[in-house]
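Participant: Enclosed is the structure file coords.cif (mmCIF, C-alpha atoms).
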data_protein
loop_
_atom_site.label_atom_id
_atom_site.label_comp_id
_atom_site.auth_asym_id
_atom_site.auth_seq_id
_atom_site.Cartn_x
_atom_site.Cartn_y
_atom_site.Cartn_z
CA MET A 1 3.51 -15.24 5.54
CA THR A 2 2.78 -12.31 7.91
CA GLU A 3 -0.30 -10.09 7.72
CA LEU A 4 1.72 -7.23 6.23
CA GLU A 5 3.36 -9.51 3.66
CA LYS A 6 -0.08 -10.88 2.67
CA SER A 7 -1.37 -7.32 2.36
CA MET A 8 1.53 -6.39 0.05
CA GLU A 9 1.13 -9.59 -2.00
CA SER A 10 -2.62 -8.99 -2.41
CA LEU A 11 -1.96 -5.55 -3.84
CA ILE A 12 0.36 -7.12 -6.43
CA THR A 13 -1.93 -10.03 -7.33
CA VAL A 14 -5.06 -7.86 -7.56
CA PHE A 15 -3.26 -5.44 -9.90
CA HIS A 16 -2.03 -8.26 -12.17
CA ARG A 17 -5.43 -10.02 -12.19
CA TYR A 18 -6.91 -7.03 -14.04
CA ALA A 19 -3.78 -5.86 -15.91
CA LYS A 20 -3.33 -9.17 -17.73
CA GLU A 21 -6.82 -9.16 -19.28
CA GLY A 22 -6.09 -7.26 -22.48
CA GLY A 23 -3.39 -5.44 -24.51
CA ASN A 24 -0.27 -4.86 -22.45
CA LYS A 25 -0.29 -7.63 -19.84
CA THR A 26 1.54 -5.60 -17.16
CA THR A 27 -0.38 -2.34 -17.24
CA LEU A 28 -3.96 -1.27 -16.54
CA SER A 29 -5.82 0.29 -19.44
CA LYS A 30 -8.68 2.64 -18.63
CA LYS A 31 -11.11 -0.24 -19.12
CA GLU A 32 -9.13 -2.55 -16.85
CA LEU A 33 -8.76 0.12 -14.14
CA LYS A 34 -12.50 0.80 -14.26
CA LYS A 35 -13.23 -2.92 -13.87
CA LEU A 36 -10.74 -3.20 -10.98
CA MET A 37 -12.36 -0.27 -9.21
CA GLU A 38 -15.91 -1.56 -9.76
CA LYS A 39 -15.04 -5.01 -8.44
CA GLU A 40 -12.43 -4.23 -5.77
CA LEU A 41 -13.55 -0.78 -4.57
CA PRO A 42 -17.31 -1.00 -5.20
CA ASN A 43 -18.17 2.04 -3.06
CA PHE A 44 -15.47 4.30 -4.44
CA LEU A 45 -16.81 5.05 -7.96
CA THR A 46 -20.44 5.35 -6.86
CA THR A 47 -19.48 8.13 -4.43
CA GLN A 48 -17.64 10.18 -7.07
CA LYS A 49 -19.40 13.23 -8.58
CA ASN A 50 -17.13 13.26 -11.65
CA PRO A 51 -18.64 10.76 -14.14
CA ASP A 52 -15.21 10.25 -15.68
CA THR A 53 -13.27 9.72 -12.46
CA VAL A 54 -11.31 6.86 -14.03
CA SER A 55 -9.90 9.11 -16.79
CA SER A 56 -8.86 11.79 -14.33
CA ILE A 57 -7.19 9.19 -12.08
CA ILE A 58 -5.20 7.89 -15.04
CA LYS A 59 -4.35 11.45 -16.08
CA ASP A 60 -3.06 12.24 -12.57
CA LEU A 61 -1.04 9.05 -12.11
CA ASP A 62 0.20 8.25 -15.61
CA GLN A 63 3.82 9.41 -15.33
CA ASN A 64 5.07 8.13 -18.69
CA LYS A 65 1.98 9.31 -20.58
CA ASP A 66 1.15 5.98 -22.22
CA ASP A 67 -2.53 6.22 -21.12
CA GLU A 68 -2.02 3.12 -18.98
CA LEU A 69 -1.00 2.56 -15.32
CA ASP A 70 1.90 0.28 -14.53
CA PHE A 71 2.19 -1.03 -10.97
CA GLU A 72 4.46 1.80 -9.82
CA GLU A 73 1.91 4.35 -11.10
CA PHE A 74 -1.00 2.42 -9.53
CA VAL A 75 0.43 2.15 -5.99
CA PRO A 76 0.12 5.89 -5.12
CA PHE A 77 -3.62 5.66 -5.89
CA VAL A 78 -4.11 2.85 -3.36
CA ALA A 79 -1.73 4.54 -0.90
CA GLY A 80 -3.74 7.76 -1.07
CA LEU A 81 -7.02 5.91 -0.53
CA THR A 82 -5.55 3.95 2.38
CA ILE A 83 -4.30 7.16 4.02
CA ALA A 84 -7.79 8.64 3.66
CA CYS A 85 -9.35 5.50 5.17
CA GLU A 86 -6.87 5.54 8.05
CA LYS A 87 -8.02 9.05 9.02
CA HIS A 88 -11.54 7.64 9.51
CA TYR A 89 -10.11 4.65 11.40
CA ALA A 90 -8.11 6.94 13.73
CA LEU A 91 -11.10 9.26 14.30
CA HIS A 92 -13.38 6.28 15.00
CA HIS A 93 -10.91 4.82 17.52
CA GLU A 94 -10.34 8.22 19.14
CA ASN A 95 -14.13 8.67 19.67
CA LYS A 96 -14.42 5.09 20.95
CA GLY A 97 -11.78 5.94 23.57
CA LYS A 98 -13.82 8.95 24.79
CA LYS A 99 -17.07 7.04 25.43
CA MET B 1 -14.94 -6.91 1.91
CA THR B 2 -12.92 -7.32 -1.30
CA GLU B 3 -9.32 -8.53 -1.44
CA LEU B 4 -8.03 -5.01 -2.11
CA GLU B 5 -10.11 -3.55 0.74
CA LYS B 6 -8.76 -6.24 3.09
CA SER B 7 -5.22 -5.47 1.96
CA MET B 8 -5.73 -1.75 2.69
CA GLU B 9 -7.37 -2.50 6.06
CA SER B 10 -4.52 -4.82 7.06
CA LEU B 11 -1.99 -2.10 6.41
CA ILE B 12 -3.93 0.20 8.76
CA THR B 13 -4.47 -2.38 11.51
CA VAL B 14 -0.87 -3.63 11.43
CA PHE B 15 0.43 -0.06 11.75
CA HIS B 16 -1.87 0.70 14.71
CA ARG B 17 -1.09 -2.63 16.43
CA TYR B 18 2.52 -1.48 16.89
CA ALA B 19 1.94 2.31 17.10
CA LYS B 20 -0.34 2.04 20.12
CA GLU B 21 2.20 0.18 22.29
CA GLY B 22 3.98 3.16 23.87
CA GLY B 23 4.17 6.98 24.01
CA ASN B 24 2.18 8.56 21.20
CA LYS B 25 -0.53 6.03 20.37
CA THR B 26 -0.80 7.00 16.70
CA THR B 27 2.83 7.08 15.64
CA LEU B 28 5.65 4.54 15.45
CA SER B 29 8.68 5.27 17.58
CA LYS B 30 12.00 3.78 16.47
CA LYS B 31 11.46 0.91 18.90
CA GLU B 32 7.93 0.24 17.62
CA LEU B 33 9.02 0.41 13.96
CA LYS B 34 11.86 -2.03 14.69
CA LYS B 35 9.44 -4.45 16.36
CA LEU B 36 6.96 -4.11 13.46
CA MET B 37 9.71 -4.88 10.95
CA GLU B 38 11.06 -7.84 12.92
CA LYS B 39 7.61 -9.38 13.27
CA GLU B 40 5.93 -8.38 10.03
CA LEU B 41 8.89 -8.26 7.62
CA PRO B 42 11.19 -10.86 9.20
CA ASN B 43 13.44 -11.20 6.16
CA PHE B 44 13.84 -7.47 5.54
CA LEU B 45 16.11 -6.40 8.44
CA THR B 46 18.28 -9.51 8.27
CA THR B 47 19.18 -8.75 4.66
CA GLN B 48 20.24 -5.16 5.39
CA LYS B 49 23.98 -4.36 5.62
CA ASN B 50 23.38 -1.15 7.60
CA PRO B 51 23.07 -2.18 11.28
CA ASP B 52 20.96 0.90 11.93
CA THR B 53 18.57 0.53 9.02
CA VAL B 54 15.60 1.48 11.24
CA SER B 55 17.12 4.89 12.08
CA SER B 56 17.84 5.69 8.46
CA ILE B 57 14.32 4.65 7.43
CA ILE B 58 12.87 7.01 10.03
CA LYS B 59 15.27 9.75 8.95
CA ASP B 60 14.18 9.35 5.31
CA LEU B 61 10.45 9.21 5.96
CA ASP B 62 9.96 11.47 8.98
CA GLN B 63 8.54 14.57 7.26
CA ASN B 64 7.65 16.57 10.38
CA LYS B 65 10.91 15.71 12.17
CA ASP B 66 9.35 14.39 15.37
CA ASP B 67 11.51 11.21 15.26
CA GLU B 68 8.35 9.15 14.85
CA LEU B 69 6.38 7.88 11.82
CA ASP B 70 2.70 8.64 11.52
CA PHE B 71 0.64 6.52 9.11
CA GLU B 72 1.08 8.94 6.20
CA GLU B 73 4.86 8.79 6.67
CA PHE B 74 4.82 4.98 7.03
CA VAL B 75 2.85 4.21 3.84
CA PRO B 76 5.61 5.24 1.37
CA PHE B 77 7.94 2.71 3.07
CA VAL B 78 5.49 -0.15 2.45
CA ALA B 79 4.67 1.19 -1.01
CA GLY B 80 8.36 1.21 -1.95
CA LEU B 81 8.86 -2.33 -0.67
CA THR B 82 5.76 -3.53 -2.52
CA ILE B 83 6.97 -1.95 -5.78
CA ALA B 84 10.31 -3.73 -5.33
CA CYS B 85 8.54 -7.04 -4.65
CA GLU B 86 6.34 -6.58 -7.72
CA LYS B 87 9.42 -6.33 -9.95
CA HIS B 88 10.41 -9.83 -8.77
CA TYR B 89 6.83 -11.03 -9.26
CA ALA B 90 6.71 -9.65 -12.83
CA LEU B 91 10.14 -11.12 -13.69
CA HIS B 92 9.16 -14.49 -12.26
CA HIS B 93 5.92 -14.56 -14.26
CA GLU B 94 7.71 -13.40 -17.44
CA ASN B 95 10.24 -16.28 -17.14
CA LYS B 96 7.42 -18.74 -16.40
CA GLY B 97 5.77 -17.67 -19.67
CA LYS B 98 8.97 -18.44 -21.64
CA LYS B 99 9.41 -22.05 -20.41
#
Mind converting the file's structure to structure tokens?

Facilitator:
Amino acid sequence: MTELEKSMESLITVFHRYAKEGGNKTTLSKKELKKLMEKELPNFLTTQKNPDTVSSIIKDLDQNKDDELDFEEFVPFVAGLTIACEKHYALHHENKGKK
Amino acid sequence: MTELEKSMESLITVFHRYAKEGGNKTTLSKKELKKLMEKELPNFLTTQKNPDTVSSIIKDLDQNKDDELDFEEFVPFVAGLTIACEKHYALHHENKGKK
């Protein structure tokens, strides 16, 4: 498997690891999303000012208004974070080039 | 680093590995995107009927019409592919549960 394929597969397996814990086995409840974020993105929640970041993320991404995130609703969250991270990566590599 | 963080980082590093090869160092030209797809998604291109899949992908995703893909324009392509892969994953695991 290539690096990109592994990256895509990890996103799927991580999502399902937390989604299958309770209730609907293919969606993330608020509790499951919070647990995923605490375990998989430990720095993200601690840097958020809004104490109920998880609820607002679900509110923003929950297209079908079932108060849960299916995989298709979850991916834009990770995509947005990755785009934000890449801006730091690009800036860091740009500065490195100038030294 | 967690599995999800590694997955996000891989997406960034794979993109930049191919983007930096020629011309603009932070965007994928058609040639660079084609090489990325051949190396990182070997089965994808071979299963496409359209011989010029790479051009149509760029056409669809190139928001600022510079004939190149920056990272923000590239992510929806991988996100879409991952969502499609997840549908197979979910189906496969559903059938496994029924046996």

Participant: Can you translate the PyMOL selection byres ((chain B) within 12 of (chain A)) into the concrete residues it hits in this file, as JSON, numbers by chain?

Facilitator: {"B": [1, 2, 3, 4, 5, 6, 7, 8, 9, 10, 11, 12, 13, 14, 15, 16, 17, 19, 20, 25, 26, 27, 36, 37, 38, 39, 40, 41, 42, 43, 44, 70, 71, 72, 73, 74, 75, 76, 77, 78, 79, 80, 81, 82, 83, 84, 85, 86, 87, 88, 89, 90, 91, 93, 94, 97]}

Participant: Based on the selection just made, write C-alpha atoms of those residues as a compact mmCIF listing (two decimals), in the frame of the given file.

Facilitator:
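In the end it all went to part-v4.txt:
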# COMPACT_ATOMS: atom_id res chain seq x y z
CA MET B 1 -14.94 -6.91 1.91
CA THR B 2 -12.92 -7.32 -1.30
CA GLU B 3 -9.32 -8.53 -1.44
CA LEU B 4 -8.03 -5.01 -2.11
CA GLU B 5 -10.11 -3.55 0.74
CA LYS B 6 -8.76 -6.24 3.09
CA SER B 7 -5.22 -5.47 1.96
CA MET B 8 -5.73 -1.75 2.69
CA GLU B 9 -7.37 -2.50 6.06
CA SER B 10 -4.52 -4.82 7.06
CA LEU B 11 -1.99 -2.10 6.41
CA ILE B 12 -3.93 0.20 8.76
CA THR B 13 -4.47 -2.38 11.51
CA VAL B 14 -0.87 -3.63 11.43
CA PHE B 15 0.43 -0.06 11.75
CA HIS B 16 -1.87 0.70 14.71
CA ARG B 17 -1.09 -2.63 16.43
CA ALA B 19 1.94 2.31 17.10
CA LYS B 20 -0.34 2.04 20.12
CA LYS B 25 -0.53 6.03 20.37
CA THR B 26 -0.80 7.00 16.70
CA THR B 27 2.83 7.08 15.64
CA LEU B 36 6.96 -4.11 13.46
CA MET B 37 9.71 -4.88 10.95
CA GLU B 38 11.06 -7.84 12.92
CA LYS B 39 7.61 -9.38 13.27
CA GLU B 40 5.93 -8.38 10.03
CA LEU B 41 8.89 -8.26 7.62
CA PRO B 42 11.19 -10.86 9.20
CA ASN B 43 13.44 -11.20 6.16
CA PHE B 44 13.84 -7.47 5.54
CA ASP B 70 2.70 8.64 11.52
CA PHE B 71 0.64 6.52 9.11
CA GLU B 72 1.08 8.94 6.20
CA GLU B 73 4.86 8.79 6.67
CA PHE B 74 4.82 4.98 7.03
CA VAL B 75 2.85 4.21 3.84
CA PRO B 76 5.61 5.24 1.37
CA PHE B 77 7.94 2.71 3.07
CA VAL B 78 5.49 -0.15 2.45
CA ALA B 79 4.67 1.19 -1.01
CA GLY B 80 8.36 1.21 -1.95
CA LEU B 81 8.86 -2.33 -0.67
CA THR B 82 5.76 -3.53 -2.52
CA ILE B 83 6.97 -1.95 -5.78
CA ALA B 84 10.31 -3.73 -5.33
CA CYS B 85 8.54 -7.04 -4.65
CA GLU B 86 6.34 -6.58 -7.72
CA LYS B 87 9.42 -6.33 -9.95
CA HIS B 88 10.41 -9.83 -8.77
CA TYR B 89 6.83 -11.03 -9.26
CA ALA B 90 6.71 -9.65 -12.83
CA LEU B 91 10.14 -11.12 -13.69
CA HIS B 93 5.92 -14.56 -14.26
CA GLU B 94 7.71 -13.40 -17.44
CA GLY B 97 5.77 -17.67 -19.67

Participant: Both chains have the same sequence, so superpose chain A on chain B over all Cα atoms paired in order and return it as a PDB file with C-alpha atoms, in the coordinates of the input.

Facilitator:
ATOM      1  CA  MET A   1     -14.946  -6.945   1.916  1.00  0.00           C
ATOM      2  CA  THR A   2     -12.901  -7.329  -1.310  1.00  0.00           C
ATOM      3  CA  GLU A   3      -9.301  -8.539  -1.458  1.00  0.00           C
ATOM      4  CA  LEU A   4      -8.028  -5.014  -2.117  1.00  0.00           C
ATOM      5  CA  GLU A   5     -10.095  -3.560   0.730  1.00  0.00           C
ATOM      6  CA  LYS A   6      -8.758  -6.265   3.093  1.00  0.00           C
ATOM      7  CA  SER A   7      -5.225  -5.476   1.941  1.00  0.00           C
ATOM      8  CA  MET A   8      -5.730  -1.761   2.687  1.00  0.00           C
ATOM      9  CA  GLU A   9      -7.363  -2.500   6.062  1.00  0.00           C
ATOM     10  CA  SER A  10      -4.507  -4.834   7.057  1.00  0.00           C
ATOM     11  CA  LEU A  11      -1.981  -2.094   6.408  1.00  0.00           C
ATOM     12  CA  ILE A  12      -3.930   0.198   8.754  1.00  0.00           C
ATOM     13  CA  THR A  13      -4.473  -2.385  11.503  1.00  0.00           C
ATOM     14  CA  VAL A  14      -0.869  -3.636  11.425  1.00  0.00           C
ATOM     15  CA  PHE A  15       0.423  -0.058  11.747  1.00  0.00           C
ATOM     16  CA  HIS A  16      -1.872   0.700  14.710  1.00  0.00           C
ATOM     17  CA  ARG A  17      -1.094  -2.625  16.442  1.00  0.00           C
ATOM     18  CA  TYR A  18       2.516  -1.482  16.903  1.00  0.00           C
ATOM     19  CA  ALA A  19       1.938   2.298  17.106  1.00  0.00           C
ATOM     20  CA  LYS A  20      -0.357   2.032  20.129  1.00  0.00           C
ATOM     21  CA  GLU A  21       2.184   0.184  22.299  1.00  0.00           C
ATOM     22  CA  GLY A  22       3.961   3.147  23.863  1.00  0.00           C
ATOM     23  CA  GLY A  23       4.173   6.976  23.991  1.00  0.00           C
ATOM     24  CA  ASN A  24       2.173   8.565  21.200  1.00  0.00           C
ATOM     25  CA  LYS A  25      -0.543   6.029  20.375  1.00  0.00           C
ATOM     26  CA  THR A  26      -0.822   7.003  16.684  1.00  0.00           C
ATOM     27  CA  THR A  27       2.816   7.074  15.644  1.00  0.00           C
ATOM     28  CA  LEU A  28       5.640   4.537  15.439  1.00  0.00           C
ATOM     29  CA  SER A  29       8.678   5.264  17.571  1.00  0.00           C
ATOM     30  CA  LYS A  30      11.989   3.789  16.469  1.00  0.00           C
ATOM     31  CA  LYS A  31      11.451   0.914  18.895  1.00  0.00           C
ATOM     32  CA  GLU A  32       7.937   0.247  17.626  1.00  0.00           C
ATOM     33  CA  LEU A  33       9.026   0.403  13.965  1.00  0.00           C
ATOM     34  CA  LYS A  34      11.862  -2.029  14.676  1.00  0.00           C
ATOM     35  CA  LYS A  35       9.431  -4.440  16.348  1.00  0.00           C
ATOM     36  CA  LEU A  36       6.965  -4.115  13.442  1.00  0.00           C
ATOM     37  CA  MET A  37       9.707  -4.871  10.942  1.00  0.00           C
ATOM     38  CA  GLU A  38      11.062  -7.838  12.925  1.00  0.00           C
ATOM     39  CA  LYS A  39       7.615  -9.385  13.285  1.00  0.00           C
ATOM     40  CA  GLU A  40       5.924  -8.385  10.016  1.00  0.00           C
ATOM     41  CA  LEU A  41       8.891  -8.255   7.612  1.00  0.00           C
ATOM     42  CA  PRO A  42      11.195 -10.858   9.193  1.00  0.00           C
ATOM     43  CA  ASN A  43      13.459 -11.177   6.139  1.00  0.00           C
ATOM     44  CA  PHE A  44      13.838  -7.467   5.509  1.00  0.00           C
ATOM     45  CA  LEU A  45      16.106  -6.413   8.423  1.00  0.00           C
ATOM     46  CA  THR A  46      18.284  -9.529   8.272  1.00  0.00           C
ATOM     47  CA  THR A  47      19.163  -8.746   4.643  1.00  0.00           C
ATOM     48  CA  GLN A  48      20.229  -5.159   5.386  1.00  0.00           C
ATOM     49  CA  LYS A  49      23.971  -4.364   5.604  1.00  0.00           C
ATOM     50  CA  ASN A  50      23.370  -1.155   7.584  1.00  0.00           C
ATOM     51  CA  PRO A  51      23.054  -2.194  11.265  1.00  0.00           C
ATOM     52  CA  ASP A  52      20.952   0.892  11.936  1.00  0.00           C
ATOM     53  CA  THR A  53      18.555   0.533   9.015  1.00  0.00           C
ATOM     54  CA  VAL A  54      15.606   1.477  11.228  1.00  0.00           C
ATOM     55  CA  SER A  55      17.116   4.891  12.082  1.00  0.00           C
ATOM     56  CA  SER A  56      17.863   5.675   8.457  1.00  0.00           C
ATOM     57  CA  ILE A  57      14.327   4.654   7.424  1.00  0.00           C
ATOM     58  CA  ILE A  58      12.876   7.002  10.030  1.00  0.00           C
ATOM     59  CA  LYS A  59      15.278   9.748   8.949  1.00  0.00           C
ATOM     60  CA  ASP A  60      14.194   9.355   5.305  1.00  0.00           C
ATOM     61  CA  LEU A  61      10.452   9.204   5.967  1.00  0.00           C
ATOM     62  CA  ASP A  62       9.971  11.480   8.971  1.00  0.00           C
ATOM     63  CA  GLN A  63       8.544  14.572   7.259  1.00  0.00           C
ATOM     64  CA  ASN A  64       7.663  16.570  10.376  1.00  0.00           C
ATOM     65  CA  LYS A  65      10.919  15.714  12.159  1.00  0.00           C
ATOM     66  CA  ASP A  66       9.350  14.395  15.363  1.00  0.00           C
ATOM     67  CA  ASP A  67      11.514  11.214  15.254  1.00  0.00           C
ATOM     68  CA  GLU A  68       8.345   9.155  14.849  1.00  0.00           C
ATOM     69  CA  LEU A  69       6.380   7.879  11.806  1.00  0.00           C
ATOM     70  CA  ASP A  70       2.694   8.635  11.527  1.00  0.00           C
ATOM     71  CA  PHE A  71       0.642   6.525   9.117  1.00  0.00           C
ATOM     72  CA  GLU A  72       1.075   8.935   6.204  1.00  0.00           C
ATOM     73  CA  GLU A  73       4.870   8.801   6.672  1.00  0.00           C
ATOM     74  CA  PHE A  74       4.820   4.990   7.035  1.00  0.00           C
ATOM     75  CA  VAL A  75       2.850   4.210   3.847  1.00  0.00           C
ATOM     76  CA  PRO A  76       5.619   5.237   1.374  1.00  0.00           C
ATOM     77  CA  PHE A  77       7.939   2.713   3.072  1.00  0.00           C
ATOM     78  CA  VAL A  78       5.502  -0.154   2.452  1.00  0.00           C
ATOM     79  CA  ALA A  79       4.686   1.186  -1.029  1.00  0.00           C
ATOM     80  CA  GLY A  80       8.372   1.216  -1.951  1.00  0.00           C
ATOM     81  CA  LEU A  81       8.868  -2.333  -0.673  1.00  0.00           C
ATOM     82  CA  THR A  82       5.768  -3.537  -2.520  1.00  0.00           C
ATOM     83  CA  ILE A  83       6.988  -1.958  -5.771  1.00  0.00           C
ATOM     84  CA  ALA A  84      10.330  -3.725  -5.313  1.00  0.00           C
ATOM     85  CA  CYS A  85       8.561  -7.042  -4.650  1.00  0.00           C
ATOM     86  CA  GLU A  86       6.343  -6.576  -7.702  1.00  0.00           C
ATOM     87  CA  LYS A  87       9.431  -6.329  -9.935  1.00  0.00           C
ATOM     88  CA  HIS A  88      10.416  -9.835  -8.770  1.00  0.00           C
ATOM     89  CA  TYR A  89       6.827 -11.034  -9.251  1.00  0.00           C
ATOM     90  CA  ALA A  90       6.725  -9.645 -12.820  1.00  0.00           C
ATOM     91  CA  LEU A  91      10.154 -11.114 -13.674  1.00  0.00           C
ATOM     92  CA  HIS A  92       9.150 -14.503 -12.231  1.00  0.00           C
ATOM     93  CA  HIS A  93       5.908 -14.543 -14.248  1.00  0.00           C
ATOM     94  CA  GLU A  94       7.693 -13.377 -17.404  1.00  0.00           C
ATOM     95  CA  ASN A  95      10.225 -16.267 -17.112  1.00  0.00           C
ATOM     96  CA  LYS A  96       7.404 -18.720 -16.362  1.00  0.00           C
ATOM     97  CA  GLY A  97       5.760 -17.643 -19.632  1.00  0.00           C
ATOM     98  CA  LYS A  98       8.958 -18.408 -21.606  1.00  0.00           C
ATOM     99  CA  LYS A  99       9.365 -22.011 -20.390  1.00  0.00           C
TER     100      LYS A  99
END

Participant: Run the PyMOL selection byres ((chain A and resi 65-67) around 10) mentally over the shown coordinates, then write out the matched residues as a PyMOL selection string, using the chain letters and numbers from the document.

Facilitator: chain A and resi 27-30+55+58-64+68-70

Participant: By how many Å are CA of Pro51 (chain A) and CA of Tyr18 (chain A) apart?

Facilitator: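 Computing it gives 21.3 Å between the two atoms.
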
Participant: Just to confirm, what's the straight-line distance from CA of Ser56 (chain B) to CA of Leu33 (chain B) in Å (one decimal)?

Facilitator: 11.7 Å

Participant: In Å, how far is it from CA of Thr47 (chain B) to CA of Glu21 (chain B)?

Facilitator: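 The value is 26.1 Å.
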
Participant: Box for region 18-25 of chain A: with edges along x, y and z, all listed atoms inside and 6 Å added on each side, what are the centre and edge lengths in Å to one decimal, as AutoDock Vina command-line options?

Facilitator:
--center_x -3.6 --center_y -7.0 --center_z -19.3 --size_x 18.6 --size_y 16.3 --size_z 22.5
